[in-house]
$ cat protein_32.cif   # mmCIF, C-alpha atoms and all ligand atoms
data_query
loop_
_atom_site.label_atom_id
_atom_site.label_comp_id
_atom_site.auth_asym_id
_atom_site.auth_seq_id
_atom_site.Cartn_x
_atom_site.Cartn_y
_atom_site.Cartn_z
CA MET A 14 -31.19 21.04 145.28
CA ALA A 15 -34.91 21.49 145.65
CA LYS A 16 -37.10 24.23 147.00
CA LEU A 17 -39.46 22.94 149.69
CA ASP A 18 -42.98 24.06 150.63
CA ILE A 19 -43.25 26.11 153.82
CA LEU A 20 -46.21 25.21 156.06
CA GLU A 21 -48.34 28.11 157.26
CA PHE A 22 -50.24 28.73 160.50
CA PRO A 23 -52.67 27.22 161.51
CA ASP A 24 -51.43 24.01 159.80
CA PRO A 25 -51.42 21.34 162.57
CA ARG A 26 -48.18 19.85 161.21
CA LEU A 27 -46.37 22.92 162.62
CA ARG A 28 -47.26 21.54 166.08
CA LYS A 29 -45.35 18.25 165.71
CA PRO A 30 -42.17 18.25 167.80
CA GLY A 31 -38.88 17.37 166.13
CA GLU A 32 -36.90 14.25 166.99
CA LYS A 33 -33.22 14.31 167.85
CA VAL A 34 -30.94 13.72 164.84
CA GLU A 35 -29.09 10.49 165.68
CA SER A 36 -26.36 10.89 163.07
CA VAL A 37 -25.54 13.58 160.52
CA THR A 38 -25.57 11.83 157.15
CA ASP A 39 -25.54 12.81 153.47
CA GLU A 40 -29.34 12.67 153.66
CA THR A 41 -29.27 15.23 156.50
CA ARG A 42 -26.98 17.45 154.41
CA GLN A 43 -29.31 17.16 151.41
CA LEU A 44 -32.19 18.35 153.62
CA ILE A 45 -30.04 21.22 154.92
CA ASP A 46 -29.10 22.29 151.35
CA ASP A 47 -32.77 22.21 150.34
CA MET A 48 -33.66 24.25 153.42
CA TYR A 49 -31.07 26.93 152.50
CA GLU A 50 -32.48 27.13 148.98
CA THR A 51 -36.00 27.44 150.43
CA MET A 52 -35.03 30.07 153.03
CA TYR A 53 -33.05 32.24 150.59
CA ASP A 54 -35.83 32.03 147.99
CA ALA A 55 -38.35 33.19 150.62
CA ASP A 56 -36.05 36.03 151.81
CA GLY A 57 -36.06 34.61 155.33
CA CYS A 58 -33.30 34.81 157.94
CA GLY A 59 -34.04 31.47 159.58
CA LEU A 60 -35.83 28.20 158.84
CA ALA A 61 -36.64 25.19 161.01
CA ALA A 62 -37.11 21.65 159.65
CA THR A 63 -40.62 21.68 161.20
CA GLN A 64 -41.61 24.43 158.74
CA VAL A 65 -40.88 22.15 155.77
CA ASN A 66 -42.73 19.23 157.37
CA VAL A 67 -39.66 17.35 158.61
CA GLN A 68 -39.83 16.39 162.29
CA LYS A 69 -36.12 16.66 163.07
CA ARG A 70 -34.31 18.91 165.52
CA LEU A 71 -32.42 21.12 163.11
CA PHE A 72 -32.62 24.69 161.88
CA ILE A 73 -30.62 27.13 159.78
CA MET A 74 -29.99 30.89 159.95
CA ASP A 75 -28.31 33.59 157.84
CA PHE A 76 -28.49 37.28 158.76
CA SER A 77 -25.98 38.50 156.14
CA GLU A 78 -27.00 40.70 153.18
CA ASP A 79 -25.42 38.34 150.65
CA LYS A 80 -26.09 34.77 151.88
CA SER A 81 -22.51 34.64 153.13
CA GLU A 82 -23.06 33.65 156.78
CA PRO A 83 -24.97 30.38 156.87
CA TRP A 84 -25.35 28.82 160.33
CA THR A 85 -26.58 25.26 160.70
CA PHE A 86 -27.78 23.99 164.09
CA ILE A 87 -28.46 20.30 164.68
CA ASN A 88 -29.82 19.13 168.09
CA PRO A 89 -29.46 22.70 169.45
CA GLU A 90 -29.45 23.59 173.16
CA ILE A 91 -29.89 27.21 174.21
CA THR A 92 -28.79 28.86 177.47
CA PRO A 93 -29.89 32.46 178.22
CA LEU A 94 -26.95 34.71 179.18
CA THR A 95 -28.87 37.78 180.40
CA ASP A 96 -32.20 38.93 181.89
CA GLU A 97 -32.16 41.82 179.45
CA ILE A 98 -35.07 41.60 177.00
CA ALA A 99 -34.44 42.10 173.29
CA ASP A 100 -36.48 45.08 172.09
CA LEU A 101 -37.18 43.91 168.53
CA ALA A 102 -40.20 42.60 166.65
CA GLU A 103 -40.09 39.15 165.08
CA GLY A 104 -41.83 37.62 162.09
CA CYS A 105 -42.16 34.10 160.72
CA LEU A 106 -42.29 32.62 157.23
CA SER A 107 -45.11 30.39 158.56
CA VAL A 108 -47.08 33.46 159.71
CA PRO A 109 -46.47 35.75 156.72
CA GLY A 110 -47.15 39.47 157.09
CA PHE A 111 -47.34 39.68 160.89
CA PHE A 112 -44.69 41.05 163.27
CA GLU A 113 -44.76 41.21 167.06
CA LYS A 114 -42.42 41.86 169.96
CA LEU A 115 -41.96 38.96 172.37
CA ASP A 116 -40.06 38.95 175.66
CA ARG A 117 -36.88 37.02 174.87
CA PRO A 118 -33.40 37.31 176.38
CA ASN A 119 -31.11 39.55 174.30
CA ARG A 120 -28.11 37.25 174.60
CA VAL A 121 -27.91 33.45 174.48
CA LYS A 122 -25.36 30.70 174.11
CA VAL A 123 -26.14 27.90 171.66
CA LYS A 124 -24.58 24.44 171.66
CA ALA A 125 -25.29 22.36 168.56
CA LEU A 126 -23.77 20.16 165.83
CA ASP A 127 -22.79 21.74 162.51
CA ARG A 128 -23.42 20.19 159.07
CA ASP A 129 -20.36 17.98 159.51
CA GLY A 130 -21.76 16.63 162.77
CA LYS A 131 -19.13 18.51 164.77
CA GLU A 132 -20.17 20.12 168.07
CA PHE A 133 -19.78 23.89 168.49
CA GLU A 134 -20.79 26.62 170.90
CA GLN A 135 -21.58 30.17 169.89
CA GLU A 136 -23.07 33.26 171.55
CA PHE A 137 -25.67 35.38 169.78
CA GLU A 138 -27.25 38.72 170.64
CA GLY A 139 -30.00 41.04 169.47
CA ILE A 140 -31.93 39.89 166.42
CA GLN A 141 -29.84 36.72 166.08
CA SER A 142 -30.58 35.82 169.72
CA ILE A 143 -34.30 36.24 169.00
CA CYS A 144 -33.99 34.17 165.85
CA VAL A 145 -32.30 31.13 167.41
CA GLN A 146 -34.93 31.11 170.18
CA HIS A 147 -37.71 31.44 167.58
CA GLU A 148 -36.26 28.50 165.63
CA LEU A 149 -35.87 26.32 168.73
CA ASP A 150 -39.56 27.01 169.47
CA HIS A 151 -40.44 25.64 166.00
CA LEU A 152 -38.67 22.37 166.88
CA ASP A 153 -41.00 22.11 169.90
CA GLY A 154 -44.12 22.91 167.83
CA VAL A 155 -44.35 26.45 169.23
CA LEU A 156 -45.10 29.57 167.13
CA PHE A 157 -44.59 33.22 168.10
CA VAL A 158 -48.36 33.78 167.88
CA ASP A 159 -48.74 31.46 170.90
CA ALA A 160 -47.33 34.24 173.10
CA LEU A 161 -49.98 36.74 171.92
CA THR A 162 -53.50 37.17 173.32
CA LYS A 163 -56.12 34.77 171.97
CA LEU A 164 -57.86 37.75 170.37
CA LYS A 165 -54.74 38.69 168.38
CA ARG A 166 -53.94 35.08 167.50
CA ASP A 167 -57.49 34.42 166.25
CA ARG A 168 -57.39 37.60 164.17
CA ILE A 169 -54.13 36.46 162.54
CA ARG A 170 -55.50 32.95 162.01
CA LYS A 171 -58.62 34.23 160.25
CA LYS A 172 -56.65 36.53 157.95
CA LEU A 173 -54.23 33.76 157.01
CA GLU A 174 -57.01 31.20 156.48
CA LYS A 175 -58.71 33.64 154.11
CA ALA A 176 -55.45 34.26 152.20
CA GLN A 177 -54.84 30.48 152.01
CA ARG A 178 -58.37 29.91 150.63
CA LEU A 179 -57.78 32.54 147.94
CA ALA A 180 -54.36 31.12 147.06
CA ALA A 181 -55.79 27.59 146.71
CA LYS A 182 -58.37 28.65 144.10
O1 LIG A 201 -37.11 35.41 158.38
C1 LIG A 201 -37.29 35.51 159.59
N1 LIG A 201 -36.95 36.65 160.21
C2 LIG A 201 -36.97 36.80 161.58
C3 LIG A 201 -36.88 38.08 162.08
C4 LIG A 201 -36.89 38.30 163.41
C5 LIG A 201 -36.99 37.24 164.28
C6 LIG A 201 -37.10 35.96 163.81
C7 LIG A 201 -37.09 35.75 162.46
S1 LIG A 201 -37.21 34.14 161.87
C8 LIG A 201 -37.94 34.39 160.32
C9 LIG A 201 -37.97 33.13 159.49
C10 LIG A 201 -38.73 32.05 160.20
O2 LIG A 201 -39.92 31.94 160.21
N2 LIG A 201 -38.03 31.18 160.87
O3 LIG A 201 -38.66 30.21 161.56
NI NI A 202 -40.59 30.99 162.05
#

$ encode --input "protein_32.cif" --output "structure tokens" --more "lines below"
Ligand code: GNR
Ligand code: NI
Amino acid sequence: MAKLDILEFPDPRLRKPGEKVESVTDETRQLIDDMYETMYDADGCGLAATQVNVQKRLFIMDFSEDKSEPWTFINPEITPLTDEIADLAEGCLSVPGFFEKLDRPNRVKVKALDRDGKEFEQEFEGIQSICVQHELDHLDGVLFVDALTKLKRDRIRKKLEKAQRLAAK
């Protein structure tokens, strides 16, 4: 297992869309294992391959307290199940320290392949519904800051660029 580096906004590599996974191989599972190690180490609840600079349509999620409920989604498709908007703020490991509420449906159905390449369907609501939509956005090169005003987004970008300059020294 290996911990991977997480790209941070405004890194242009976060804008590259992921390609469909044609077959789930041992190499795919190695990437998934590394992504779990990376996500757990960063205390995140979700992680998309895009965030670790891999342009593949796959993401992971675990909302348990004790790393006991890992969910792996390969080639995910999401269908909204309600017009009701989830009333919760979201954050992102690629936009550290910032949290905003976005208008996202509170309940969705996800169809995807699991780490064995087997298709499954599962409904999610509340924070998990937000998370799977947030992760699917990553696979399309979209970040939650894109839904904010340009003023807010620029303010976040400048703060992160400054933090990144300091960290690089
Ligand atoms: O760790 C994360 N928590 C979170 C909380 C609310 C809504 C979405 C998320 S995803 C985020 C990790 C991340 O950046 N995934 O892409
Ligand atoms: Ni994110």

$ residues_near_ligand --input "protein_32.cif" --ligand "ligand NI 202 (chain A)" --cutoff "6 Å" --atoms "all atoms listed in the file" --output "PDB file with C-alpha atoms, keeping the file's coordinate frame"
ATOM      1  CA  CYS A 105     -42.160  34.100 160.720  1.00  0.00           C
ATOM      2  CA  LEU A 106     -42.290  32.620 157.230  1.00  0.00           C
ATOM      3  CA  SER A 107     -45.110  30.390 158.560  1.00  0.00           C
TER       4      SER A 107
END

$ residues_around --input "protein_32.cif" --residues "Leu101 of chain A" --least-positions-apart "2" --cutoff "7 Å" --atoms "only C-alpha atoms" --output "PyMOL selection string"
chain A and resi 99+103+114+140

$ residues_near_ligand --input "protein_32.cif" --ligand "ligand LIG 201 (chain A)" --cutoff "8 Å" --atoms "only C-alpha atoms and all ligand atoms" --output "count of residues only"
24

$ residues_around --input "protein_32.cif" --residues "Leu27 of chain A" --least-positions-apart "3" --cutoff "10 Å" --atoms "only C-alpha atoms" --output "list in words"
Ile19, Leu20, Glu21, Phe22, Pro23, Asp24, Pro30, Gly31, Ala62, Thr63, Gln64, Val65, Asn66, Val67, Gln68, Ser107, His151, Leu152, Asp153, Gly154, Val155 and Leu156 of chain A

$ atom_distance --input "protein_32.cif" --atom1 "atom CA of Ile91 of chain A" --atom2 "atom CA of Val121 of chain A"
6.6 Å

$ atom_distance --input "protein_32.cif" --atom1 "atom CA of Leu115 of chain A" --atom2 "atom CA of Ala160 of chain A"
7.2 Å

$ atom_distance --input "protein_32.cif" --atom1 "atom CA of Val37 of chain A" --atom2 "atom CA of Asp18 of chain A"
22.6 Å

$ residues_near_point --input "protein_32.cif" --point "(-30.8, 30.0, 148.7)" --cutoff "12 Å" --atoms "only C-alpha atoms" --output "list in words"
Met14, Ala15, Lys16, Leu17, Ile45, Asp46, Asp47, Met48, Tyr49, Glu50, Thr51, Met52, Tyr53, Asp54, Ala55, Asp56, Gly57, Cys58, Gly59, Leu60, Ile73, Met74, Asp75, Asp79, Lys80, Ser81, Glu82 and Pro83 of chain A

$ closest_residue --input "protein_32.cif" --among "A:Pro109, A:Gly130, A:Pro118, A:Gly139" --to "Pro93 of chain A" --atoms "only C-alpha atoms"
A:Pro118

$ closest_residue --input "protein_32.cif" --among "A:Lys172, A:Glu97, A:Arg117, A:Arg128" --to "Leu44 of chain A" --atoms "all atoms listed in the file"
A:Arg128

$ closest_residue --input "protein_32.cif" --among "A:Phe76, A:Glu113, A:Ser36, A:Thr92" --to "Thr162 of chain A" --atoms "all atoms listed in the file"
A:Glu113

$ axis_aligned_box --input "protein_32.cif" --around "segment 34-40 of chain A" --padding-each-side "4 Å" --output "JSON"
{"center_x": -28.2, "center_y": 12.1, "center_z": 159.6, "size_x": 13.4, "size_y": 11.2, "size_z": 20.2}

$ closest_residue --input "protein_32.cif" --among "A:Lys182, A:Thr38, A:Phe86, A:Ala176" --to "Glu134 of chain A" --atoms "all atoms listed in the file"
A:Phe86

$ decode --input "protein_32.cif" --residues "segment 70-82 of chain A" --atoms "all heavy atoms" --output "PDB file, in the first residue's frame"
ATOM      1  N   ARG A  70     -12.626   6.832 -14.060  1.00  0.00           N
ATOM      2  CA  ARG A  70     -13.912   7.087 -13.419  1.00  0.00           C
ATOM      3  C   ARG A  70     -14.116   6.126 -12.250  1.00  0.00           C
ATOM      4  O   ARG A  70     -14.780   5.106 -12.363  1.00  0.00           O
ATOM      5  CB  ARG A  70     -15.049   6.985 -14.447  1.00  0.00           C
ATOM      6  CG  ARG A  70     -14.898   8.030 -15.561  1.00  0.00           C
ATOM      7  CD  ARG A  70     -16.107   8.132 -16.442  1.00  0.00           C
ATOM      8  NE  ARG A  70     -17.205   8.836 -15.827  1.00  0.00           N
ATOM      9  CZ  ARG A  70     -17.281  10.150 -15.707  1.00  0.00           C
ATOM     10  NH1 ARG A  70     -16.321  10.927 -16.162  1.00  0.00           N
ATOM     11  NH2 ARG A  70     -18.321  10.708 -15.128  1.00  0.00           N
ATOM     12  N   LEU A  71     -13.519   6.484 -11.132  1.00  0.00           N
ATOM     13  CA  LEU A  71     -13.733   5.702  -9.914  1.00  0.00           C
ATOM     14  C   LEU A  71     -13.535   6.572  -8.684  1.00  0.00           C
ATOM     15  O   LEU A  71     -12.723   7.486  -8.689  1.00  0.00           O
ATOM     16  CB  LEU A  71     -12.841   4.452  -9.901  1.00  0.00           C
ATOM     17  CG  LEU A  71     -11.432   4.440  -9.376  1.00  0.00           C
ATOM     18  CD1 LEU A  71     -11.417   4.196  -7.871  1.00  0.00           C
ATOM     19  CD2 LEU A  71     -10.644   3.336 -10.053  1.00  0.00           C
ATOM     20  N   PHE A  72     -14.356   6.306  -7.666  1.00  0.00           N
ATOM     21  CA  PHE A  72     -14.178   6.997  -6.389  1.00  0.00           C
ATOM     22  C   PHE A  72     -14.532   6.077  -5.240  1.00  0.00           C
ATOM     23  O   PHE A  72     -15.133   5.005  -5.443  1.00  0.00           O
ATOM     24  CB  PHE A  72     -14.975   8.317  -6.335  1.00  0.00           C
ATOM     25  CG  PHE A  72     -16.476   8.195  -6.361  1.00  0.00           C
ATOM     26  CD1 PHE A  72     -17.195   7.866  -5.220  1.00  0.00           C
ATOM     27  CD2 PHE A  72     -17.183   8.456  -7.537  1.00  0.00           C
ATOM     28  CE1 PHE A  72     -18.583   7.785  -5.238  1.00  0.00           C
ATOM     29  CE2 PHE A  72     -18.579   8.377  -7.563  1.00  0.00           C
ATOM     30  CZ  PHE A  72     -19.277   8.046  -6.413  1.00  0.00           C
ATOM     31  N   ILE A  73     -14.136   6.473  -4.046  1.00  0.00           N
ATOM     32  CA  ILE A  73     -14.401   5.681  -2.841  1.00  0.00           C
ATOM     33  C   ILE A  73     -15.075   6.575  -1.801  1.00  0.00           C
ATOM     34  O   ILE A  73     -15.026   7.808  -1.890  1.00  0.00           O
ATOM     35  CB  ILE A  73     -13.099   5.086  -2.250  1.00  0.00           C
ATOM     36  CG1 ILE A  73     -12.100   6.196  -1.890  1.00  0.00           C
ATOM     37  CG2 ILE A  73     -12.477   4.104  -3.235  1.00  0.00           C
ATOM     38  CD1 ILE A  73     -10.871   5.706  -1.133  1.00  0.00           C
ATOM     39  N   MET A  74     -15.691   5.938  -0.794  1.00  0.00           N
ATOM     40  CA  MET A  74     -16.396   6.688   0.245  1.00  0.00           C
ATOM     41  C   MET A  74     -16.463   5.827   1.503  1.00  0.00           C
ATOM     42  O   MET A  74     -16.573   4.601   1.413  1.00  0.00           O
ATOM     43  CB  MET A  74     -17.812   6.994  -0.270  1.00  0.00           C
ATOM     44  CG  MET A  74     -18.695   7.771   0.666  1.00  0.00           C
ATOM     45  SD  MET A  74     -20.273   8.206  -0.153  1.00  0.00           S
ATOM     46  CE  MET A  74     -21.273   6.801   0.327  1.00  0.00           C
ATOM     47  N   ASP A  75     -16.362   6.460   2.676  1.00  0.00           N
ATOM     48  CA  ASP A  75     -16.585   5.754   3.944  1.00  0.00           C
ATOM     49  C   ASP A  75     -17.025   6.773   4.989  1.00  0.00           C
ATOM     50  O   ASP A  75     -16.237   7.626   5.389  1.00  0.00           O
ATOM     51  CB  ASP A  75     -15.320   5.023   4.402  1.00  0.00           C
ATOM     52  CG  ASP A  75     -15.587   4.115   5.599  1.00  0.00           C
ATOM     53  OD1 ASP A  75     -16.608   4.307   6.293  1.00  0.00           O
ATOM     54  OD2 ASP A  75     -14.771   3.186   5.844  1.00  0.00           O
ATOM     55  N   PHE A  76     -18.282   6.691   5.410  1.00  0.00           N
ATOM     56  CA  PHE A  76     -18.809   7.632   6.398  1.00  0.00           C
ATOM     57  C   PHE A  76     -18.875   7.034   7.797  1.00  0.00           C
ATOM     58  O   PHE A  76     -19.459   7.614   8.701  1.00  0.00           O
ATOM     59  CB  PHE A  76     -20.189   8.161   5.960  1.00  0.00           C
ATOM     60  CG  PHE A  76     -20.065   9.405   5.123  1.00  0.00           C
ATOM     61  CD1 PHE A  76     -19.878   9.318   3.757  1.00  0.00           C
ATOM     62  CD2 PHE A  76     -20.101  10.656   5.720  1.00  0.00           C
ATOM     63  CE1 PHE A  76     -19.730  10.472   2.987  1.00  0.00           C
ATOM     64  CE2 PHE A  76     -19.964  11.803   4.965  1.00  0.00           C
ATOM     65  CZ  PHE A  76     -19.775  11.710   3.600  1.00  0.00           C
ATOM     66  N   SER A  77     -18.280   5.854   8.008  1.00  0.00           N
ATOM     67  CA  SER A  77     -18.303   5.248   9.342  1.00  0.00           C
ATOM     68  C   SER A  77     -17.283   5.943  10.249  1.00  0.00           C
ATOM     69  O   SER A  77     -16.405   6.669   9.779  1.00  0.00           O
ATOM     70  CB  SER A  77     -17.967   3.759   9.246  1.00  0.00           C
ATOM     71  OG  SER A  77     -16.594   3.599   8.922  1.00  0.00           O
ATOM     72  N   GLU A  78     -17.406   5.706  11.563  1.00  0.00           N
ATOM     73  CA  GLU A  78     -16.444   6.264  12.526  1.00  0.00           C
ATOM     74  C   GLU A  78     -15.140   5.477  12.509  1.00  0.00           C
ATOM     75  O   GLU A  78     -14.091   5.999  12.894  1.00  0.00           O
ATOM     76  CB  GLU A  78     -17.033   6.184  13.952  1.00  0.00           C
ATOM     77  CG  GLU A  78     -18.276   7.033  14.174  1.00  0.00           C
ATOM     78  CD  GLU A  78     -17.938   8.499  14.339  1.00  0.00           C
ATOM     79  OE1 GLU A  78     -16.855   8.797  14.872  1.00  0.00           O
ATOM     80  OE2 GLU A  78     -18.749   9.341  13.902  1.00  0.00           O
ATOM     81  N   ASP A  79     -15.221   4.198  12.115  1.00  0.00           N
ATOM     82  CA  ASP A  79     -14.099   3.284  12.331  1.00  0.00           C
ATOM     83  C   ASP A  79     -13.631   2.578  11.043  1.00  0.00           C
ATOM     84  O   ASP A  79     -13.174   1.432  11.107  1.00  0.00           O
ATOM     85  CB  ASP A  79     -14.480   2.255  13.399  1.00  0.00           C
ATOM     86  CG  ASP A  79     -15.755   1.505  13.026  1.00  0.00           C
ATOM     87  OD1 ASP A  79     -16.374   1.853  11.991  1.00  0.00           O
ATOM     88  OD2 ASP A  79     -16.137   0.574  13.751  1.00  0.00           O
ATOM     89  N   LYS A  80     -13.776   3.280   9.902  1.00  0.00           N
ATOM     90  CA  LYS A  80     -13.275   2.746   8.624  1.00  0.00           C
ATOM     91  C   LYS A  80     -13.905   1.396   8.277  1.00  0.00           C
ATOM     92  O   LYS A  80     -13.291   0.572   7.599  1.00  0.00           O
ATOM     93  CB  LYS A  80     -11.742   2.587   8.659  1.00  0.00           C
ATOM     94  CG  LYS A  80     -11.010   3.796   9.193  1.00  0.00           C
ATOM     95  CD  LYS A  80      -9.513   3.581   9.217  1.00  0.00           C
ATOM     96  CE  LYS A  80      -8.795   4.808   9.776  1.00  0.00           C
ATOM     97  NZ  LYS A  80      -7.351   4.664   9.783  1.00  0.00           N
ATOM     98  N   SER A  81     -15.146   1.191   8.742  1.00  0.00           N
ATOM     99  CA  SER A  81     -15.750  -0.132   8.589  1.00  0.00           C
ATOM    100  C   SER A  81     -16.750  -0.216   7.442  1.00  0.00           C
ATOM    101  O   SER A  81     -17.307  -1.274   7.193  1.00  0.00           O
ATOM    102  CB  SER A  81     -16.450  -0.525   9.895  1.00  0.00           C
ATOM    103  OG  SER A  81     -17.492   0.399  10.158  1.00  0.00           O
ATOM    104  N   GLU A  82     -17.018   0.926   6.762  1.00  0.00           N
ATOM    105  CA  GLU A  82     -18.012   0.896   5.683  1.00  0.00           C
ATOM    106  C   GLU A  82     -17.466   1.459   4.384  1.00  0.00           C
ATOM    107  O   GLU A  82     -17.938   2.478   3.888  1.00  0.00           O
ATOM    108  CB  GLU A  82     -19.269   1.665   6.104  1.00  0.00           C
ATOM    109  CG  GLU A  82     -20.092   0.938   7.154  1.00  0.00           C
ATOM    110  CD  GLU A  82     -21.098   1.871   7.825  1.00  0.00           C
ATOM    111  OE1 GLU A  82     -21.727   2.675   7.113  1.00  0.00           O
ATOM    112  OE2 GLU A  82     -21.220   1.796   9.052  1.00  0.00           O
TER     113      GLU A  82
END
